[in-house]
Structure formats: structure tokens, C-alpha cells
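To start, the structure itself, in C-alpha cells.
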Amino acid sequence: MSLGLFVLRVVVGALFIGHGSQKLFGWFGGPGPEGAGQFFDSLGYRESQKMARLAGATEAGAGVLLVLGLFTPLAAAAIVGAMLNAAVAAHRENGLWNSDGGYEYPLVLATAATALAFVGPGAASLDNALGLSLVGLSWGFTALLLGLVVGAATLAMRNDEVVEPAGVSEEEDQRQAA
């Protein structure tokens, strides 16, 4: 079981490092801070440049914590909050399925992170090496609740009217949001 947790942590964590790096640095075909800021503006986020950097840092930071298996519930909460925003702001109007640009992918990632918060990162983790027992129902529910509350608070910071910036197509919107 511990090997399965290790694989799950490393793959999901590495994907989040990549997602954050796309926004922060333009790596892996990402839009970089300017493009991410424009995309966040199109989603109605106030102070869109700052929000894009915050999202990138949250995703990359949570990814690093998850890969290391360090403070796993905190990493899970950050992922839940970020994916709640992605699901609602960028994908909700397209329905569930990813093939239609829906929120399936953010939901799967948030669910995987939440599951790790409940069961823990496994034996091959810094949490385990440091003797941190951050597992179980209370940690899982705390991570989920914290992620949902912070994610909802972030969503509440959006403008009521969403304006499409010049030069950003619907296809680019979907690619940047993923």
C-alpha cells in the first residue's frame, strides 16, 4: 500500500509543480505570468496578475509538499482550493466531462489529494520520517474543509462581470485552465 501512496503522491505532486510552473515561469508550454494574468482576468479575478502568481505558487508549492510527503494535509487543502477555483471559474459551464472542457480533471485531482489527506502519504515520506502523524479522519476532513473554505473565499473575490481579453481564444482559455 505504501508504494501505491508514493506513486500517487509523486505523480499528482509533479503535475502540480508543472501546472504552477506554467503560470509562474511559462515552462511546459504555459502562458507565463503575463498570459496567466490575462487568463485570470478573463475569469473575472480582481488583481488578476497577483491572483495568477498566487495560483501558480500555490500549485507548485503544494506539488512540492506532496512529492516530499511533507505536511500532506496542508498540500491537499491547497490543491482542493486551487481545483475548486479551476472547476468553478474555468470549467463549470462546460459540464462534467473533460472531453467537453468540463471540471472532471480538477475534480479527480482534488479527490486524489483529499484521499491522501485521509490515509496519509505512506512510509516513504518526510511526514513519516519526521514522526508526524497527520493522518486519519480529522486530518482528512480538516484538509477538505480548509481547501473548500479558502477556495470559496477566493472565488468570492471575482468580479460579477467577466470580460474576455483581446487575443485570448476559447481554446487558449481551456488549455491555460487545465
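Naming scheme: A, B, ... for chains in displayed order of the C-alpha cells; residues 1 onward per chain; ligands 1 onward as shown.
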
With a distance cut-off of 8 Å and only C-alpha atoms, select the neighbouring residues of Ala55 (chain A), excluding the residue or stretch itself and same-chain residues fewer than 2 positions from it, and output the selection as a list in words.
->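 Listing them by chain and then by number gives Gly20, Lys23, Met51, Ala52, Arg53, Ala57, Thr58, Glu59 and Ala82 of chain A.
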
Would you kindly return, as a ChimeraX atom specification, each protein, DNA or RNA residue with an atom no farther than 12 Å from any atom of Met83 (chain A), considering only C-alpha atoms and excluding same-chain residues fewer than 5 positions away?
-> /A:16,19,55-56,58-59,62,76-78,88-92,103-114,144,147-148,150-152,154-155,177-178

Alpha helix (DSSP H) call set, DSSP backbone run, region 44-156 of chain A, as JSON, numbers by chain | {"A": [48, 49, 50, 51, 52, 53, 54, 55, 56, 57, 58, 59, 60, 61, 62, 63, 64, 65, 66, 67, 68, 72, 73, 74, 75, 76, 77, 78, 79, 80, 81, 82, 83, 84, 85, 104, 105, 106, 107, 108, 109, 110, 111, 112, 113, 114, 115, 116, 117, 118, 119, 126, 127, 128, 129, 137, 138, 139, 140, 141, 142, 143, 144, 145, 146, 147, 148, 149, 150, 151, 152, 153, 154, 155]}

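For the set A:Met157, A:Ala60, A:Leu8, A:Val149, the residue with the smallest atom-to-atom gap to Val119 (chain A) is A:Leu8, counting only C-alpha atoms.
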
Write out as a compact mmCIF listing (two decimals) with N, CA, C and O atoms, in the first residue's frame each polymer residue whose atoms come within 6 Å of region 123-137 of chain A, counting only C-alpha atoms; drop sequence neighbours fewer than 4 positions from it.
```
# COMPACT_ATOMS: atom_id res chain seq x y z
N SER A 2 1.97 1.22 0.70
CA SER A 2 2.83 2.40 0.78
C SER A 2 3.42 2.76 -0.59
O SER A 2 3.56 3.94 -0.90
N LEU A 68 7.21 15.37 -1.65
CA LEU A 68 8.02 15.06 -0.48
C LEU A 68 7.24 14.31 0.60
O LEU A 68 7.83 13.69 1.49
N GLY A 69 5.92 14.37 0.54
CA GLY A 69 5.12 13.80 1.60
C GLY A 69 5.30 14.57 2.89
O GLY A 69 5.39 14.00 3.97
N LEU A 70 5.33 15.87 2.77
CA LEU A 70 5.55 16.76 3.91
C LEU A 70 4.32 17.63 4.13
O LEU A 70 3.85 18.27 3.19
N PHE A 118 -6.59 11.88 4.02
CA PHE A 118 -7.24 10.92 4.91
C PHE A 118 -6.30 9.76 5.27
O PHE A 118 -6.20 9.39 6.44
N VAL A 119 -5.62 9.18 4.28
CA VAL A 119 -4.83 7.96 4.53
C VAL A 119 -3.37 8.25 4.83
O VAL A 119 -2.66 7.38 5.32
N PHE A 141 -10.75 15.46 6.98
CA PHE A 141 -11.85 16.42 6.95
C PHE A 141 -11.37 17.86 7.13
O PHE A 141 -11.90 18.78 6.51
```

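Across A:Gly44, A:Gly18, A:Gly35, A:Gly61, the tightest approach to Leu74 (chain A) is made by A:Gly61 when counting only C-alpha atoms.
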
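With only C-alpha atoms as the basis for measurement, A:Ala75 is the residue among A:Ala87, A:Ala153, A:Ala75, A:Val11 that approaches Trp139 (chain A) most closely.
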
Which of these, A:Gln49, A:Trp27, A:Ala115, A:Gly102, has the shortest distance to Ile79 (chain A) once you count only C-alpha atoms?
->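 Nearest candidate to Ile79 (chain A) out of A:Gln49, A:Trp27, A:Ala115, A:Gly102: A:Ala115.
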